[in-house]
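File shown: upload31.csv (CSV, C-alpha atoms).
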```
chain,number,residue,atom,x,y,z
A,1,MET,CA,-33.6,-0.9,23.2
A,2,SER,CA,-30.2,-1.6,21.7
A,3,ALA,CA,-28.7,-0.1,18.5
A,4,LYS,CA,-28.4,-2.5,15.6
A,5,ILE,CA,-24.7,-3.0,14.6
A,6,THR,CA,-24.1,-3.5,10.9
A,7,PRO,CA,-20.9,-4.0,9.0
A,8,LEU,CA,-19.2,-1.0,7.4
A,9,SER,CA,-19.4,-1.6,3.7
A,10,GLY,CA,-16.1,-2.3,1.9
A,11,PHE,CA,-14.0,-2.8,5.1
A,12,PRO,CA,-13.7,-6.6,5.6
A,13,GLU,CA,-13.2,-8.1,9.0
A,14,TRP,CA,-12.3,-11.8,8.8
A,15,LEU,CA,-13.5,-14.5,11.1
A,16,PRO,CA,-10.6,-16.5,12.7
A,17,GLU,CA,-10.8,-19.3,10.0
A,18,GLN,CA,-10.7,-16.7,7.2
A,19,ARG,CA,-7.8,-14.9,8.8
A,20,ILE,CA,-5.8,-18.2,9.0
A,21,VAL,CA,-6.3,-18.6,5.3
A,22,GLU,CA,-5.3,-15.0,4.6
A,23,GLN,CA,-2.2,-15.3,6.8
A,24,HIS,CA,-1.2,-18.5,5.0
A,25,VAL,CA,-1.5,-16.9,1.6
A,26,LEU,CA,0.5,-13.8,2.7
A,27,ASP,CA,3.2,-16.1,4.3
A,28,VAL,CA,3.6,-18.0,1.0
A,29,VAL,CA,3.8,-14.7,-1.0
A,30,ARG,CA,6.3,-13.3,1.5
A,31,GLU,CA,8.5,-16.4,1.5
A,32,THR,CA,8.5,-16.5,-2.3
A,33,PHE,CA,9.6,-12.9,-2.6
A,34,GLU,CA,12.4,-13.5,-0.1
A,35,LEU,CA,13.6,-16.6,-1.8
A,36,HIS,CA,14.1,-14.5,-4.9
A,37,GLY,CA,16.2,-11.9,-3.0
A,38,PHE,CA,13.6,-9.2,-2.3
A,39,VAL,CA,13.6,-7.4,1.0
A,40,GLY,CA,10.5,-6.3,2.8
A,41,ILE,CA,9.7,-2.7,3.6
A,42,GLU,CA,6.7,-1.0,5.2
A,43,THR,CA,5.8,2.6,4.6
A,44,ARG,CA,3.5,4.9,6.6
A,45,ALA,CA,-0.2,4.7,5.9
A,46,VAL,CA,-0.6,8.4,5.2
A,47,GLU,CA,0.9,10.8,2.7
A,48,PRO,CA,0.2,14.5,2.1
A,49,VAL,CA,-2.9,14.6,-0.2
A,50,GLU,CA,-1.0,16.9,-2.6
A,51,ARG,CA,1.6,14.1,-3.1
A,52,LEU,CA,-1.1,11.5,-3.5
A,53,LEU,CA,-2.9,13.6,-6.2
A,54,GLY,CA,0.3,14.0,-8.2
A,55,LYS,CA,-0.1,15.6,-11.6
A,56,GLY,CA,-3.2,13.7,-12.7
A,57,GLY,CA,-5.6,15.1,-10.1
A,58,ASP,CA,-8.0,12.2,-10.8
A,59,ALA,CA,-7.2,10.2,-7.7
A,60,ASP,CA,-9.0,12.6,-5.4
A,61,LYS,CA,-12.1,10.4,-5.7
A,62,GLU,CA,-10.2,7.5,-4.3
A,63,ILE,CA,-8.4,9.2,-1.3
A,64,TYR,CA,-9.7,9.0,2.2
A,65,ALA,CA,-8.7,12.1,4.0
A,66,VAL,CA,-7.2,11.9,7.5
A,67,SER,CA,-7.5,14.6,10.1
A,68,ARG,CA,-7.0,15.0,13.8
A,69,LEU,CA,-10.3,15.9,15.5
A,70,ALA,CA,-8.5,18.4,17.7
A,71,ALA,CA,-7.1,20.1,14.6
A,72,ARG,CA,-10.5,21.0,13.3
A,73,SER,CA,-10.5,24.1,15.5
A,74,ASP,CA,-7.1,25.1,14.1
A,75,ALA,CA,-7.7,27.6,11.2
A,76,ARG,CA,-4.3,27.2,9.7
A,77,GLY,CA,-5.1,24.4,7.2
A,78,ASP,CA,-1.6,24.0,6.0
A,79,ALA,CA,-1.2,21.8,2.9
A,80,GLU,CA,1.2,19.6,4.8
A,81,ASP,CA,-1.5,18.9,7.4
A,82,GLN,CA,-3.8,17.6,4.7
A,83,LEU,CA,-3.1,13.9,4.9
A,84,GLY,CA,-4.7,11.0,3.1
A,85,LEU,CA,-4.5,7.2,3.3
A,86,HIS,CA,-2.5,5.8,0.3
A,87,PHE,CA,-4.6,4.1,-2.4
A,88,ASP,CA,-1.7,2.0,-3.7
A,89,LEU,CA,1.9,1.5,-2.7
A,90,THR,CA,3.6,3.4,-5.6
A,91,VAL,CA,3.6,6.9,-4.2
A,92,PRO,CA,4.8,5.8,-0.7
A,93,PHE,CA,7.5,3.7,-2.2
A,94,ALA,CA,8.8,6.5,-4.4
A,95,ARG,CA,8.9,8.8,-1.4
A,96,TYR,CA,10.6,6.1,0.7
A,97,VAL,CA,13.4,5.7,-1.9
A,98,LEU,CA,14.0,9.4,-2.2
A,99,GLU,CA,14.2,9.8,1.6
A,100,ASN,CA,16.4,6.8,2.1
A,101,ALA,CA,18.5,6.7,-1.1
A,102,GLY,CA,21.8,7.2,0.7
A,103,LYS,CA,21.0,4.1,2.9
A,104,LEU,CA,19.8,1.7,0.2
A,105,THR,CA,21.9,-0.6,-1.9
A,106,PHE,CA,21.0,-0.4,-5.6
A,107,PRO,CA,19.7,-2.1,-7.6
A,108,PHE,CA,17.1,-2.2,-4.8
A,109,ARG,CA,14.8,-5.2,-4.7
A,110,ARG,CA,11.8,-4.6,-2.5
A,111,TYR,CA,8.6,-6.3,-1.6
A,112,GLN,CA,5.8,-4.6,0.2
A,113,ILE,CA,2.7,-6.3,1.6
A,114,GLN,CA,0.5,-3.7,3.2
A,115,LYS,CA,-3.1,-2.4,3.6
A,116,VAL,CA,-4.3,0.3,1.1
A,117,TRP,CA,-7.6,2.2,0.9
A,118,ARG,CA,-9.7,3.4,-2.0
A,119,GLY,CA,-12.7,5.5,-1.8
A,120,GLU,CA,-14.6,3.8,-4.6
A,121,ARG,CA,-17.9,2.2,-4.2
A,122,PRO,CA,-17.5,-1.3,-2.8
A,123,GLN,CA,-18.8,-4.2,-5.0
A,124,ASP,CA,-18.6,-8.0,-4.8
A,125,GLY,CA,-14.9,-8.8,-4.5
A,126,ARG,CA,-13.9,-5.1,-4.4
A,127,PHE,CA,-13.2,-3.5,-1.1
A,128,ARG,CA,-12.4,0.0,0.2
A,129,GLU,CA,-9.7,-1.5,2.4
A,130,PHE,CA,-7.5,-4.4,1.2
A,131,CYS,CA,-4.0,-5.8,1.3
A,132,GLN,CA,-1.8,-5.2,-1.7
A,133,ALA,CA,1.5,-7.1,-2.4
A,134,ASP,CA,4.1,-5.4,-4.7
A,135,ILE,CA,7.6,-6.3,-5.8
A,136,ASP,CA,9.9,-3.8,-7.6
A,137,ILE,CA,13.5,-3.6,-8.7
A,138,ILE,CA,14.8,-0.1,-9.1
A,139,ASP,CA,18.1,1.5,-9.9
A,140,ALA,CA,19.5,4.8,-11.2
A,141,GLY,CA,19.3,4.7,-14.9
A,142,THR,CA,18.1,1.7,-17.0
A,143,LEU,CA,17.9,-1.7,-15.5
A,144,PRO,CA,19.3,-4.6,-17.6
A,145,PHE,CA,16.6,-6.6,-19.4
A,146,HIS,CA,17.0,-9.7,-17.3
A,147,TYR,CA,15.2,-7.9,-14.5
A,148,GLU,CA,12.1,-7.5,-16.7
A,149,VAL,CA,12.1,-11.3,-17.2
A,150,GLU,CA,12.6,-12.0,-13.5
A,151,ILE,CA,9.5,-10.3,-12.2
A,152,PRO,CA,7.0,-12.6,-14.1
A,153,LEU,CA,9.1,-15.6,-13.0
A,154,VAL,CA,8.7,-14.6,-9.4
A,155,ILE,CA,5.0,-14.2,-9.8
A,156,ALA,CA,4.7,-17.6,-11.5
```
What does the file become when written as structure tokens?
Amino acid sequence: MSAKITPLSGFPEWLPEQRIVEQHVLDVVRETFELHGFVGIETRAVEPVERLLGKGGDADKEIYAVSRLAARSDARGDAEDQLGLHFDLTVPFARYVLENAGKLTFPFRRYQIQKVWRGERPQDGRFREFCQADIDIIDAGTLPFHYEVEIPLVIA
């Protein structure tokens, strides 16, 4: 008797034909961002849960916790050891900028196309794991208004 294998709800796995379409869409988005002067970055998949929760505290329903199986026997339980998968790209991007501020040129124009995970109930068209594409322009202080106009033009 063999065990029945069923898909894990909310975590898509594409067939080759579907993956080709997804790759094409991501390539077009990436090329568009780069044509407009944005540079690609990738951040780590995990952040300390404390950082992901921020001040709102509401996001804990959306965070997938990550732990090492061997660490379960470790009774320390340090806050820095409590890691979660990021549920969007904002928190990792903010951390990335703070950690690398001395190495970045400002205004910094970045795009990021990366997987994110949300612990919400999957529904038709809503997944727990999905690819998110972001663009941002950041600087110290206030950005000139033309940057506010540029973002919708890139999207269009």
Taking 3 positions as the minimum chain separation for residues in the same chain, which residues sit within 9 Å of stretch 118-125 of chain A when counting all atoms listed in the file? Answer as a list in words. Ser9, Gly10, Phe11, Asp60, Lys61, Glu62, Ile63, Tyr64, Leu85, His86, Phe87, Asp88, Arg128, Glu129 and Phe130 of chain A
Straight-line distance linking atom CA of A:Val49 with atom CA of A:Ala70, stated in Å to one decimal: 19.1 Å
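Distances from A:Phe108, A:Tyr147, A:Phe93, A:Phe127 to A:Ala45 were compared using all atoms listed in the file, and the smallest one belongs to A:Phe93.
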Quick one: everything within 9 Å of A:Ile151, counting only C-alpha atoms, minus sequence neighbours fewer than 6 positions away in the same chain. Send it as a CSV table (one decimal) with C-alpha atoms, in the frame of the given file.
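The resulting file, around.csv, is reproduced below:
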```csv
chain,number,residue,atom,x,y,z
A,135,ILE,CA,7.6,-6.3,-5.8
A,136,ASP,CA,9.9,-3.8,-7.6
A,137,ILE,CA,13.5,-3.6,-8.7
```
Have a look at atom CA of A:Phe33 and atom CA of A:Asp134 and let me know their distance in Å, one decimal. 9.5 Å
If you count all atoms listed in the file, which residues fall within 9 Å of A:Leu83, apart from same-chain ones fewer than 2 positions away, as JSON, numbers by chain? {"A": [46, 47, 48, 49, 50, 52, 64, 65, 66, 67, 79, 80, 81, 85]}
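When atom CA of A:Gln132 is paired with atom CA of A:Leu15, their separation reads 19.7 Å.
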Of A:His36, A:Ala3, A:Pro16, A:Arg110, the one sitting nearest A:Pro152 when using all atoms listed in the file is A:His36
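Of the residues under consideration (A:Val91, A:Gly40, A:Pro12, A:Pro7), A:Gly40 shows the shortest atom-to-atom contact distance to A:Ala133 when counting only C-alpha atoms.
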Find the residue from A:Arg126, A:Ile155, A:Pro144, A:Arg109 that sits nearest to A:Phe38; use all atoms listed in the file when measuring. A:Arg109
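If you measure from each of A:Arg51, A:Arg44, A:Arg68, A:Arg95 to A:Lys115 using all atoms listed in the file, the closest one turns out to be A:Arg44.
Minimum distance to A:Glu31 across A:Glu148, A:Leu89, A:Tyr111, A:Asn100 (counting only C-alpha atoms) occurs at A:Tyr111.
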Could I get stretch 132-143 of chain A rebuilt with all heavy atoms, written as a PDB file, keeping the file's coordinate frame?
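As written to disk, rebuild31.pdb reads:
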```
ATOM      1  N   GLN A 132      -2.409  -5.183  -0.358  1.00  0.00           N
ATOM      2  CA  GLN A 132      -1.800  -5.200  -1.700  1.00  0.00           C
ATOM      3  C   GLN A 132      -0.349  -5.731  -1.494  1.00  0.00           C
ATOM      4  O   GLN A 132       0.323  -5.434  -0.508  1.00  0.00           O
ATOM      5  CB  GLN A 132      -1.720  -3.769  -2.228  1.00  0.00           C
ATOM      6  CG  GLN A 132      -1.087  -3.678  -3.598  1.00  0.00           C
ATOM      7  CD  GLN A 132      -1.223  -2.284  -4.185  1.00  0.00           C
ATOM      8  OE1 GLN A 132      -2.183  -1.572  -3.919  1.00  0.00           O
ATOM      9  NE2 GLN A 132      -0.260  -1.883  -4.991  1.00  0.00           N
ATOM     10  N   ALA A 133       0.108  -6.527  -2.453  1.00  0.00           N
ATOM     11  CA  ALA A 133       1.500  -7.100  -2.400  1.00  0.00           C
ATOM     12  C   ALA A 133       2.182  -6.608  -3.714  1.00  0.00           C
ATOM     13  O   ALA A 133       1.688  -6.832  -4.816  1.00  0.00           O
ATOM     14  CB  ALA A 133       1.448  -8.584  -2.366  1.00  0.00           C
ATOM     15  N   ASP A 134       3.322  -5.952  -3.558  1.00  0.00           N
ATOM     16  CA  ASP A 134       4.100  -5.400  -4.700  1.00  0.00           C
ATOM     17  C   ASP A 134       5.534  -5.937  -4.599  1.00  0.00           C
ATOM     18  O   ASP A 134       6.071  -6.119  -3.504  1.00  0.00           O
ATOM     19  CB  ASP A 134       4.182  -3.902  -4.625  1.00  0.00           C
ATOM     20  CG  ASP A 134       2.944  -3.190  -5.116  1.00  0.00           C
ATOM     21  OD1 ASP A 134       1.956  -3.868  -5.437  1.00  0.00           O
ATOM     22  OD2 ASP A 134       2.963  -1.952  -5.165  1.00  0.00           O
ATOM     23  N   ILE A 135       6.155  -6.083  -5.759  1.00  0.00           N
ATOM     24  CA  ILE A 135       7.600  -6.300  -5.800  1.00  0.00           C
ATOM     25  C   ILE A 135       8.114  -5.281  -6.882  1.00  0.00           C
ATOM     26  O   ILE A 135       7.433  -4.989  -7.871  1.00  0.00           O
ATOM     27  CB  ILE A 135       8.054  -7.696  -6.170  1.00  0.00           C
ATOM     28  CG1 ILE A 135       7.402  -8.210  -7.449  1.00  0.00           C
ATOM     29  CG2 ILE A 135       7.828  -8.618  -5.018  1.00  0.00           C
ATOM     30  CD1 ILE A 135       7.938  -9.558  -7.899  1.00  0.00           C
ATOM     31  N   ASP A 136       9.298  -4.757  -6.654  1.00  0.00           N
ATOM     32  CA  ASP A 136       9.900  -3.800  -7.600  1.00  0.00           C
ATOM     33  C   ASP A 136      11.433  -4.004  -7.516  1.00  0.00           C
ATOM     34  O   ASP A 136      11.982  -4.346  -6.467  1.00  0.00           O
ATOM     35  CB  ASP A 136       9.609  -2.375  -7.241  1.00  0.00           C
ATOM     36  CG  ASP A 136       8.221  -1.959  -7.657  1.00  0.00           C
ATOM     37  OD1 ASP A 136       7.964  -1.870  -8.871  1.00  0.00           O
ATOM     38  OD2 ASP A 136       7.387  -1.724  -6.762  1.00  0.00           O
ATOM     39  N   ILE A 137      12.066  -3.716  -8.635  1.00  0.00           N
ATOM     40  CA  ILE A 137      13.500  -3.600  -8.700  1.00  0.00           C
ATOM     41  C   ILE A 137      13.801  -2.253  -9.305  1.00  0.00           C
ATOM     42  O   ILE A 137      13.342  -1.963 -10.411  1.00  0.00           O
ATOM     43  CB  ILE A 137      14.149  -4.720  -9.565  1.00  0.00           C
ATOM     44  CG1 ILE A 137      13.713  -6.100  -9.094  1.00  0.00           C
ATOM     45  CG2 ILE A 137      15.672  -4.589  -9.573  1.00  0.00           C
ATOM     46  CD1 ILE A 137      14.076  -7.233 -10.047  1.00  0.00           C
ATOM     47  N   ILE A 138      14.522  -1.417  -8.576  1.00  0.00           N
ATOM     48  CA  ILE A 138      14.800  -0.100  -9.100  1.00  0.00           C
ATOM     49  C   ILE A 138      16.307   0.193  -9.011  1.00  0.00           C
ATOM     50  O   ILE A 138      17.024  -0.389  -8.205  1.00  0.00           O
ATOM     51  CB  ILE A 138      14.037   1.013  -8.327  1.00  0.00           C
ATOM     52  CG1 ILE A 138      14.425   1.019  -6.859  1.00  0.00           C
ATOM     53  CG2 ILE A 138      12.545   0.846  -8.500  1.00  0.00           C
ATOM     54  CD1 ILE A 138      13.990   2.267  -6.143  1.00  0.00           C
ATOM     55  N   ASP A 139      16.737   1.098  -9.877  1.00  0.00           N
ATOM     56  CA  ASP A 139      18.100   1.500  -9.900  1.00  0.00           C
ATOM     57  C   ASP A 139      18.190   2.884 -10.555  1.00  0.00           C
ATOM     58  O   ASP A 139      17.202   3.351 -11.129  1.00  0.00           O
ATOM     59  CB  ASP A 139      18.952   0.509 -10.754  1.00  0.00           C
ATOM     60  CG  ASP A 139      20.437   0.521 -10.409  1.00  0.00           C
ATOM     61  OD1 ASP A 139      20.875   1.383  -9.625  1.00  0.00           O
ATOM     62  OD2 ASP A 139      21.166  -0.352 -10.924  1.00  0.00           O
ATOM     63  N   ALA A 140      19.330   3.524 -10.451  1.00  0.00           N
ATOM     64  CA  ALA A 140      19.500   4.800 -11.200  1.00  0.00           C
ATOM     65  C   ALA A 140      19.806   4.408 -12.627  1.00  0.00           C
ATOM     66  O   ALA A 140      20.596   3.522 -12.912  1.00  0.00           O
ATOM     67  CB  ALA A 140      20.720   5.533 -10.575  1.00  0.00           C
ATOM     68  N   GLY A 141      19.103   5.046 -13.534  1.00  0.00           N
ATOM     69  CA  GLY A 141      19.300   4.700 -14.900  1.00  0.00           C
ATOM     70  C   GLY A 141      18.443   3.537 -15.365  1.00  0.00           C
ATOM     71  O   GLY A 141      17.435   3.209 -14.755  1.00  0.00           O
ATOM     72  N   THR A 142      18.885   2.861 -16.403  1.00  0.00           N
ATOM     73  CA  THR A 142      18.100   1.700 -17.000  1.00  0.00           C
ATOM     74  C   THR A 142      18.601   0.422 -16.385  1.00  0.00           C
ATOM     75  O   THR A 142      19.799   0.170 -16.263  1.00  0.00           O
ATOM     76  CB  THR A 142      18.368   1.709 -18.518  1.00  0.00           C
ATOM     77  OG1 THR A 142      18.005   2.983 -19.057  1.00  0.00           O
ATOM     78  CG2 THR A 142      17.523   0.634 -19.173  1.00  0.00           C
ATOM     79  N   LEU A 143      17.626  -0.403 -16.044  1.00  0.00           N
ATOM     80  CA  LEU A 143      17.900  -1.700 -15.500  1.00  0.00           C
ATOM     81  C   LEU A 143      18.208  -2.676 -16.710  1.00  0.00           C
ATOM     82  O   LEU A 143      17.564  -2.570 -17.759  1.00  0.00           O
ATOM     83  CB  LEU A 143      16.758  -2.302 -14.751  1.00  0.00           C
ATOM     84  CG  LEU A 143      16.538  -1.762 -13.344  1.00  0.00           C
ATOM     85  CD1 LEU A 143      15.185  -2.218 -12.816  1.00  0.00           C
ATOM     86  CD2 LEU A 143      17.642  -2.239 -12.418  1.00  0.00           C
TER      87      LEU A 143
END
```
